[in-house]
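S.K.: You'll find data-v5.cif just under this line, and it carries mmCIF, C-alpha atoms.
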data_data
loop_
_atom_site.label_atom_id
_atom_site.label_comp_id
_atom_site.auth_asym_id
_atom_site.auth_seq_id
_atom_site.Cartn_x
_atom_site.Cartn_y
_atom_site.Cartn_z
CA LEU A 517 53.17 -72.36 79.99
CA VAL A 518 52.30 -75.20 82.35
CA LEU A 519 48.82 -76.32 81.30
CA HIS A 520 46.20 -78.83 82.37
CA GLU A 521 45.02 -81.29 79.73
CA SER A 522 41.95 -79.28 78.69
CA ALA A 523 44.08 -76.13 78.35
CA GLN A 524 46.64 -78.08 76.30
CA GLN A 525 43.90 -79.15 73.90
CA ARG A 526 42.70 -75.56 73.64
CA LEU A 527 46.24 -74.36 73.01
CA HIS A 528 46.64 -76.80 70.11
CA ARG A 529 43.28 -75.71 68.61
CA GLU A 530 44.18 -72.04 68.92
CA VAL A 531 47.66 -72.57 67.45
CA GLU A 532 46.04 -74.30 64.47
CA LEU A 533 43.88 -71.20 63.96
CA ALA A 534 46.83 -68.85 64.58
CA ARG A 535 48.85 -70.54 61.81
CA ASP A 536 46.31 -69.19 59.34
CA VAL A 537 46.55 -65.61 60.61
CA THR A 538 48.65 -63.55 58.26
CA GLY A 539 49.29 -59.88 57.98
CA HIS A 540 51.91 -57.18 58.20
CA HIS A 541 51.00 -56.51 61.86
CA CYS A 542 50.84 -60.11 63.13
CA VAL A 543 53.69 -62.14 64.60
CA PRO A 544 53.35 -65.47 62.75
CA VAL A 545 52.80 -68.67 64.72
CA PHE A 546 54.42 -71.80 63.34
CA ASP A 547 53.82 -74.65 65.77
CA SER A 548 53.36 -75.79 69.36
CA PHE A 549 54.79 -78.66 71.34
CA GLU A 550 54.97 -80.04 74.86
CA GLU A 551 58.08 -81.01 76.73
CA GLN A 552 58.46 -82.08 80.36
CA GLY A 553 55.02 -80.77 81.32
CA PHE A 554 55.43 -77.41 79.61
CA ALA A 555 53.63 -76.21 76.49
CA TRP A 556 55.56 -74.09 73.99
CA VAL A 557 54.40 -71.99 71.07
CA VAL A 558 56.85 -71.47 68.21
CA SER A 559 56.58 -68.10 66.52
CA GLU A 560 58.76 -65.61 64.69
CA LEU A 561 61.40 -63.97 66.86
CA VAL A 562 60.83 -60.22 66.80
CA LYS A 563 63.60 -58.17 68.35
CA ALA A 564 61.58 -55.12 69.32
CA PRO A 565 60.35 -53.68 72.60
CA ASN A 566 56.77 -54.10 73.59
CA LEU A 567 54.54 -51.08 74.05
CA GLU A 568 54.73 -51.33 77.84
CA THR A 569 58.54 -51.10 77.78
CA LEU A 570 58.41 -48.21 75.32
CA LEU A 571 55.98 -46.31 77.57
CA ASP A 572 58.09 -47.01 80.66
CA ARG A 573 61.08 -45.46 78.88
CA ALA A 574 59.44 -42.53 77.11
CA GLY A 575 56.12 -41.88 78.82
CA PRO A 576 52.86 -41.25 76.94
CA LEU A 577 53.06 -41.05 73.17
CA PRO A 578 51.79 -38.37 70.76
CA ALA A 579 48.27 -38.91 69.43
CA GLU A 580 49.44 -39.56 65.85
CA ASP A 581 51.81 -42.32 67.08
CA VAL A 582 49.06 -43.93 69.16
CA ALA A 583 46.74 -43.77 66.14
CA ALA A 584 49.34 -45.54 63.96
CA ILE A 585 49.83 -48.25 66.59
CA GLY A 586 46.07 -48.65 66.99
CA ARG A 587 45.52 -49.00 63.25
CA GLY A 588 48.20 -51.69 63.00
CA ILE A 589 46.85 -53.75 65.88
CA ALA A 590 43.27 -53.32 64.65
CA LEU A 591 44.39 -54.81 61.31
CA ALA A 592 46.08 -57.69 63.15
CA LEU A 593 42.90 -58.34 65.14
CA ARG A 594 40.82 -58.25 61.96
CA ALA A 595 43.08 -60.92 60.46
CA ALA A 596 42.80 -63.05 63.61
CA HIS A 597 39.04 -62.64 63.89
CA ARG A 598 38.58 -63.64 60.23
CA THR A 599 40.09 -67.04 61.04
CA GLY A 600 37.89 -67.42 64.12
CA LEU A 601 40.69 -66.68 66.58
CA LEU A 602 40.05 -64.39 69.54
CA HIS A 603 43.19 -63.03 71.18
CA ARG A 604 41.61 -62.53 74.62
CA HIS A 605 44.57 -60.64 76.06
CA VAL A 606 45.50 -57.56 74.07
CA THR A 607 47.77 -55.57 76.39
CA PRO A 608 50.78 -53.27 75.91
CA ARG A 609 52.95 -56.33 76.68
CA ASN A 610 51.56 -58.14 73.63
CA ILE A 611 52.07 -55.22 71.24
CA LEU A 612 55.58 -55.08 69.80
CA ILE A 613 56.84 -51.81 68.33
CA GLU A 614 59.37 -52.08 65.52
CA ALA A 615 61.10 -49.29 63.59
CA GLU A 616 58.83 -46.71 61.93
CA LEU A 617 56.20 -47.45 64.61
CA ARG A 618 55.22 -50.76 63.00
CA ALA A 619 53.04 -52.35 65.65
CA ARG A 620 52.81 -56.14 65.71
CA LEU A 621 50.47 -58.29 67.78
CA THR A 622 52.13 -61.21 69.51
CA ASP A 623 50.90 -64.18 71.55
CA LEU A 624 48.42 -65.23 68.88
CA GLY A 625 47.18 -68.68 69.77
CA SER A 626 48.37 -68.64 73.37
CA ALA A 627 47.41 -65.42 75.13
CA GLY A 628 43.90 -66.57 75.97
CA VAL A 629 44.84 -70.06 77.12
CA ALA A 630 45.71 -69.22 80.73
CA ALA A 631 43.23 -70.85 83.07
CA HIS A 632 42.49 -67.59 84.88
CA PRO A 633 43.03 -63.93 84.03
CA GLY A 634 46.54 -62.89 84.99
CA ASP A 635 47.93 -66.48 84.91
CA ASN A 636 50.33 -65.59 82.13
CA GLY A 637 52.04 -62.87 84.19
CA ASP A 638 50.10 -59.91 82.77
CA PRO A 639 47.71 -57.98 84.96
CA ASP A 640 44.07 -58.35 84.00
CA ASP A 641 43.64 -54.54 83.90
CA TYR A 642 43.13 -54.68 80.13
CA LEU A 643 40.55 -57.45 80.04
CA ALA A 644 37.03 -56.80 78.86
CA PRO A 645 34.43 -57.18 81.62
CA GLU A 646 32.97 -60.30 80.02
CA LEU A 647 36.36 -62.02 80.28
CA THR A 648 36.76 -61.33 83.98
CA GLY A 649 33.11 -62.19 84.62
CA GLY A 650 33.26 -65.55 82.87
CA HIS A 651 30.73 -64.54 80.22
CA GLY A 652 30.87 -65.22 76.49
CA VAL A 653 33.47 -63.35 74.47
CA ASP A 654 33.57 -62.18 70.87
CA PRO A 655 35.77 -59.87 68.77
CA ARG A 656 34.48 -56.84 70.68
CA SER A 657 36.34 -58.12 73.74
CA ASP A 658 39.65 -57.75 71.91
CA LEU A 659 38.68 -54.28 70.69
CA PHE A 660 37.84 -53.23 74.24
CA SER A 661 41.31 -54.34 75.38
CA LEU A 662 42.93 -52.57 72.45
CA GLY A 663 41.08 -49.39 73.40
CA LEU A 664 42.37 -49.61 76.98
CA SER A 665 45.91 -50.22 75.71
CA LEU A 666 45.71 -47.18 73.43
CA HIS A 667 44.26 -45.02 76.19
CA TYR A 668 47.21 -46.00 78.37
CA ALA A 669 49.66 -45.23 75.55
CA LEU A 670 48.11 -41.79 75.04
CA THR A 671 47.61 -40.71 78.66
CA GLY A 672 49.94 -42.87 80.73
CA ARG A 673 46.97 -44.03 82.80
CA LEU A 674 44.18 -46.53 82.54
CA PRO A 675 40.68 -45.12 82.83
CA GLU A 676 38.87 -45.56 86.14
CA ARG A 677 36.84 -48.76 86.13
CA PRO A 678 34.62 -50.22 88.82
CA SER A 679 36.35 -52.77 91.07
CA ARG A 680 39.79 -52.11 89.60
CA SER A 681 42.76 -51.03 91.60
CA PRO A 682 44.51 -48.05 89.98
CA ARG A 683 47.69 -48.88 88.11
CA PRO A 684 50.62 -46.53 88.60
CA PRO A 685 51.10 -44.17 85.64
CA CYS A 686 53.88 -44.81 83.14
CA ARG A 687 57.04 -42.84 83.72
CA PRO A 688 57.35 -39.52 81.88
#
Could you show the structure in this file as structure tokens?
M.R.:
Amino acid sequence: LVLHESAQQRLHREVELARDVTGHHCVPVFDSFEEQGFAWVVSELVKAPNLETLLDRAGPLPAEDVAAIGRGIALALRAAHRTGLLHRHVTPRNILIEAELRARLTDLGSAGVAAHPGDNGDPDDYLAPELTGGHGVDPRSDLFSLGLSLHYALTGRLPERPSRSPRPPCRP
């Protein structure tokens, strides 16, 4: 990430919070550093596809699989929210799927640091309205994004939303 000074300070604060987030469904964050104008977050390397990649390969998932993924990420969000950390960008790209459908939330401490929605390469299709409108956020914002991610995993489509361009469905 290339960040302005205020965003760098926020990144360091959020990484400090993310270090305290523990749980079976969280990708641990260890540290952050800056080098040659770039900010880096050091976390566990998880060799698993993200939910978006899985859906692109296989299409929509069975309801019981989506429920298992949703439960895992909800537990990860609960752990993050208990430390005071809001993720701010729960998307299928930030949900890793390991063997046995173990879902793990990644980008703790850095996903919400982009200056504007979509700056980190993800579309803002999964953002809660208060995030795109510049209003205050709270844990419900992350749950809204999780709900959209699970809807997409189940149906292959995002629900219609005002002022949103439709996203192409995932491949069957």
S.K.: Env of region 648-658 of chain A: 9 Å cut, atoms = all atoms listed in the file, seq-sep filter 6 positions within chain, self excluded. Answer as a PyMOL selection string.
M.R.: chain A and resi 593-594+597+601-606+632-633+640
S.K.: Please evaluate the PyMOL selection byres ((chain A and resi 624) around 7) against the structure above and give the resulting residues as a ChimeraX atom specification.
M.R.: /A:534,545,603,622-623,625-627
S.K.: Might you spell out which residues the PyMOL selection byres ((chain A and resi 567-584) around 10) would select in the displayed file, as a PyMOL selection string?
M.R.: chain A and resi 564-566+585-590+607-614+616-620+665-673+685-688
S.K.: In Å to one decimal, how far is CA of Gly663 (chain A) from CA of Cys542 (chain A)?
M.R.: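 Going from CA of Cys542 (chain A) over to CA of Gly663 (chain A) covers 17.8 Å.
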S.K.: Quick one: distance from CA of Ala596 (chain A) to CA of Phe549 (chain A) in Å, one decimal?
M.R.: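 Distance reported for this atom pair: 21.1 Å.
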S.K.: Identify which of the residues A:Gln524, A:Ser559, A:Ser661, A:Thr538 lies closest to Leu591 (chain A), counting all atoms listed in the file when measuring atom-to-atom distances.
M.R.: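 Closest to Leu591 (chain A) of all the choices is A:Thr538.
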S.K.: Just the number, please: distance in Å from CA of Glu551 (chain A) to CA of Asp536 (chain A), one decimal.
M.R.: 24.1 Å
S.K.: Could you put an axis-aligned box around every listed atom of region 662-675 of chain A, padded by 4 Å on each side, and send me its centre and edge lengths in Å to one decimal, as AutoDock Vina command-line options?
M.R.:
--center_x 45.3 --center_y -46.6 --center_z 77.6 --size_x 17.3 --size_y 19.9 --size_z 18.4
S.K.: Would you mind telling me which residue in A:Leu533, A:Ala523, A:Leu662, A:Asp641 lies nearest to Phe554 (chain A) when using all atoms listed in the file?
M.R.: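 So, comparing all the options, the nearest one is A:Ala523.
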S.K.: Could you tell me which of A:Leu621, A:Ser548, A:Glu676, A:His528 comes closest to Tyr642 (chain A) if we count only C-alpha atoms?
M.R.: A:Glu676
S.K.: Can region 526-537 of chain A be brought up to all heavy atoms and written out as a PDB file, keeping the file's coordinate frame?
M.R.:
ATOM      1  N   ARG A 526      43.091 -76.884  74.140  1.00  0.00           N
ATOM      2  CA  ARG A 526      42.700 -75.560  73.640  1.00  0.00           C
ATOM      3  C   ARG A 526      43.872 -74.858  72.986  1.00  0.00           C
ATOM      4  O   ARG A 526      43.731 -74.230  71.937  1.00  0.00           O
ATOM      5  CB  ARG A 526      42.141 -74.719  74.790  1.00  0.00           C
ATOM      6  CG  ARG A 526      41.677 -73.366  74.338  1.00  0.00           C
ATOM      7  CD  ARG A 526      40.982 -72.639  75.452  1.00  0.00           C
ATOM      8  NE  ARG A 526      40.924 -71.230  75.136  1.00  0.00           N
ATOM      9  CZ  ARG A 526      40.648 -70.302  76.002  1.00  0.00           C
ATOM     10  NH1 ARG A 526      40.400 -70.604  77.249  1.00  0.00           N
ATOM     11  NH2 ARG A 526      40.607 -69.046  75.637  1.00  0.00           N
ATOM     12  N   LEU A 527      45.050 -74.970  73.587  1.00  0.00           N
ATOM     13  CA  LEU A 527      46.240 -74.360  73.010  1.00  0.00           C
ATOM     14  C   LEU A 527      46.483 -74.904  71.601  1.00  0.00           C
ATOM     15  O   LEU A 527      46.714 -74.137  70.669  1.00  0.00           O
ATOM     16  CB  LEU A 527      47.472 -74.596  73.884  1.00  0.00           C
ATOM     17  CG  LEU A 527      48.799 -74.108  73.289  1.00  0.00           C
ATOM     18  CD1 LEU A 527      48.857 -72.586  73.273  1.00  0.00           C
ATOM     19  CD2 LEU A 527      49.969 -74.660  74.072  1.00  0.00           C
ATOM     20  N   HIS A 528      46.400 -76.203  71.431  1.00  0.00           N
ATOM     21  CA  HIS A 528      46.640 -76.800  70.110  1.00  0.00           C
ATOM     22  C   HIS A 528      45.594 -76.323  69.097  1.00  0.00           C
ATOM     23  O   HIS A 528      45.930 -76.026  67.946  1.00  0.00           O
ATOM     24  CB  HIS A 528      46.675 -78.321  70.187  1.00  0.00           C
ATOM     25  CG  HIS A 528      47.866 -78.832  70.935  1.00  0.00           C
ATOM     26  ND1 HIS A 528      49.166 -78.618  70.511  1.00  0.00           N
ATOM     27  CD2 HIS A 528      47.969 -79.525  72.085  1.00  0.00           C
ATOM     28  CE1 HIS A 528      50.013 -79.157  71.364  1.00  0.00           C
ATOM     29  NE2 HIS A 528      49.307 -79.708  72.333  1.00  0.00           N
ATOM     30  N   ARG A 529      44.324 -76.214  69.518  1.00  0.00           N
ATOM     31  CA  ARG A 529      43.280 -75.710  68.610  1.00  0.00           C
ATOM     32  C   ARG A 529      43.570 -74.257  68.219  1.00  0.00           C
ATOM     33  O   ARG A 529      43.456 -73.886  67.054  1.00  0.00           O
ATOM     34  CB  ARG A 529      41.901 -75.792  69.276  1.00  0.00           C
ATOM     35  CG  ARG A 529      41.267 -77.156  69.265  1.00  0.00           C
ATOM     36  CD  ARG A 529      39.803 -77.096  69.666  1.00  0.00           C
ATOM     37  NE  ARG A 529      39.524 -76.346  70.878  1.00  0.00           N
ATOM     38  CZ  ARG A 529      39.533 -76.851  72.113  1.00  0.00           C
ATOM     39  NH1 ARG A 529      39.824 -78.122  72.306  1.00  0.00           N
ATOM     40  NH2 ARG A 529      39.237 -76.092  73.154  1.00  0.00           N
ATOM     41  N   GLU A 530      43.940 -73.452  69.203  1.00  0.00           N
ATOM     42  CA  GLU A 530      44.180 -72.040  68.920  1.00  0.00           C
ATOM     43  C   GLU A 530      45.444 -71.842  68.077  1.00  0.00           C
ATOM     44  O   GLU A 530      45.476 -70.967  67.223  1.00  0.00           O
ATOM     45  CB  GLU A 530      44.253 -71.235  70.221  1.00  0.00           C
ATOM     46  CG  GLU A 530      42.908 -71.234  70.911  1.00  0.00           C
ATOM     47  CD  GLU A 530      42.584 -69.970  71.646  1.00  0.00           C
ATOM     48  OE1 GLU A 530      43.428 -69.063  71.729  1.00  0.00           O
ATOM     49  OE2 GLU A 530      41.457 -69.889  72.149  1.00  0.00           O
ATOM     50  N   VAL A 531      46.452 -72.666  68.289  1.00  0.00           N
ATOM     51  CA  VAL A 531      47.660 -72.570  67.450  1.00  0.00           C
ATOM     52  C   VAL A 531      47.327 -72.956  66.025  1.00  0.00           C
ATOM     53  O   VAL A 531      47.824 -72.343  65.076  1.00  0.00           O
ATOM     54  CB  VAL A 531      48.814 -73.409  68.034  1.00  0.00           C
ATOM     55  CG1 VAL A 531      49.925 -73.610  67.024  1.00  0.00           C
ATOM     56  CG2 VAL A 531      49.361 -72.739  69.298  1.00  0.00           C
ATOM     57  N   GLU A 532      46.464 -73.930  65.834  1.00  0.00           N
ATOM     58  CA  GLU A 532      46.040 -74.300  64.470  1.00  0.00           C
ATOM     59  C   GLU A 532      45.365 -73.107  63.788  1.00  0.00           C
ATOM     60  O   GLU A 532      45.628 -72.821  62.626  1.00  0.00           O
ATOM     61  CB  GLU A 532      45.089 -75.500  64.507  1.00  0.00           C
ATOM     62  CG  GLU A 532      45.784 -76.816  64.788  1.00  0.00           C
ATOM     63  CD  GLU A 532      46.826 -77.174  63.748  1.00  0.00           C
ATOM     64  OE1 GLU A 532      46.558 -77.050  62.537  1.00  0.00           O
ATOM     65  OE2 GLU A 532      47.934 -77.578  64.155  1.00  0.00           O
ATOM     66  N   LEU A 533      44.509 -72.404  64.521  1.00  0.00           N
ATOM     67  CA  LEU A 533      43.880 -71.200  63.960  1.00  0.00           C
ATOM     68  C   LEU A 533      44.914 -70.110  63.712  1.00  0.00           C
ATOM     69  O   LEU A 533      44.896 -69.436  62.681  1.00  0.00           O
ATOM     70  CB  LEU A 533      42.794 -70.676  64.904  1.00  0.00           C
ATOM     71  CG  LEU A 533      41.529 -71.499  65.037  1.00  0.00           C
ATOM     72  CD1 LEU A 533      40.649 -70.948  66.160  1.00  0.00           C
ATOM     73  CD2 LEU A 533      40.758 -71.528  63.732  1.00  0.00           C
ATOM     74  N   ALA A 534      45.829 -69.929  64.674  1.00  0.00           N
ATOM     75  CA  ALA A 534      46.830 -68.850  64.580  1.00  0.00           C
ATOM     76  C   ALA A 534      47.752 -69.047  63.383  1.00  0.00           C
ATOM     77  O   ALA A 534      48.240 -68.067  62.813  1.00  0.00           O
ATOM     78  CB  ALA A 534      47.640 -68.766  65.865  1.00  0.00           C
ATOM     79  N   ARG A 535      47.997 -70.289  62.986  1.00  0.00           N
ATOM     80  CA  ARG A 535      48.850 -70.540  61.810  1.00  0.00           C
ATOM     81  C   ARG A 535      48.283 -69.899  60.554  1.00  0.00           C
ATOM     82  O   ARG A 535      49.025 -69.540  59.641  1.00  0.00           O
ATOM     83  CB  ARG A 535      48.984 -72.041  61.565  1.00  0.00           C
ATOM     84  CG  ARG A 535      49.898 -72.735  62.492  1.00  0.00           C
ATOM     85  CD  ARG A 535      49.947 -74.189  62.098  1.00  0.00           C
ATOM     86  NE  ARG A 535      50.783 -74.939  63.005  1.00  0.00           N
ATOM     87  CZ  ARG A 535      50.824 -76.246  63.056  1.00  0.00           C
ATOM     88  NH1 ARG A 535      50.074 -76.961  62.229  1.00  0.00           N
ATOM     89  NH2 ARG A 535      51.615 -76.855  63.903  1.00  0.00           N
ATOM     90  N   ASP A 536      46.960 -69.756  60.519  1.00  0.00           N
ATOM     91  CA  ASP A 536      46.310 -69.190  59.340  1.00  0.00           C
ATOM     92  C   ASP A 536      46.211 -67.673  59.377  1.00  0.00           C
ATOM     93  O   ASP A 536      45.748 -67.065  58.416  1.00  0.00           O
ATOM     94  CB  ASP A 536      44.901 -69.778  59.186  1.00  0.00           C
ATOM     95  CG  ASP A 536      44.927 -71.257  58.855  1.00  0.00           C
ATOM     96  OD1 ASP A 536      45.929 -71.723  58.267  1.00  0.00           O
ATOM     97  OD2 ASP A 536      43.949 -71.952  59.201  1.00  0.00           O
ATOM     98  N   VAL A 537      46.620 -67.066  60.486  1.00  0.00           N
ATOM     99  CA  VAL A 537      46.550 -65.610  60.610  1.00  0.00           C
ATOM    100  C   VAL A 537      47.787 -65.012  59.943  1.00  0.00           C
ATOM    101  O   VAL A 537      48.912 -65.313  60.313  1.00  0.00           O
ATOM    102  CB  VAL A 537      46.485 -65.167  62.088  1.00  0.00           C
ATOM    103  CG1 VAL A 537      46.487 -63.648  62.195  1.00  0.00           C
ATOM    104  CG2 VAL A 537      45.257 -65.755  62.771  1.00  0.00           C
TER     105      VAL A 537
END
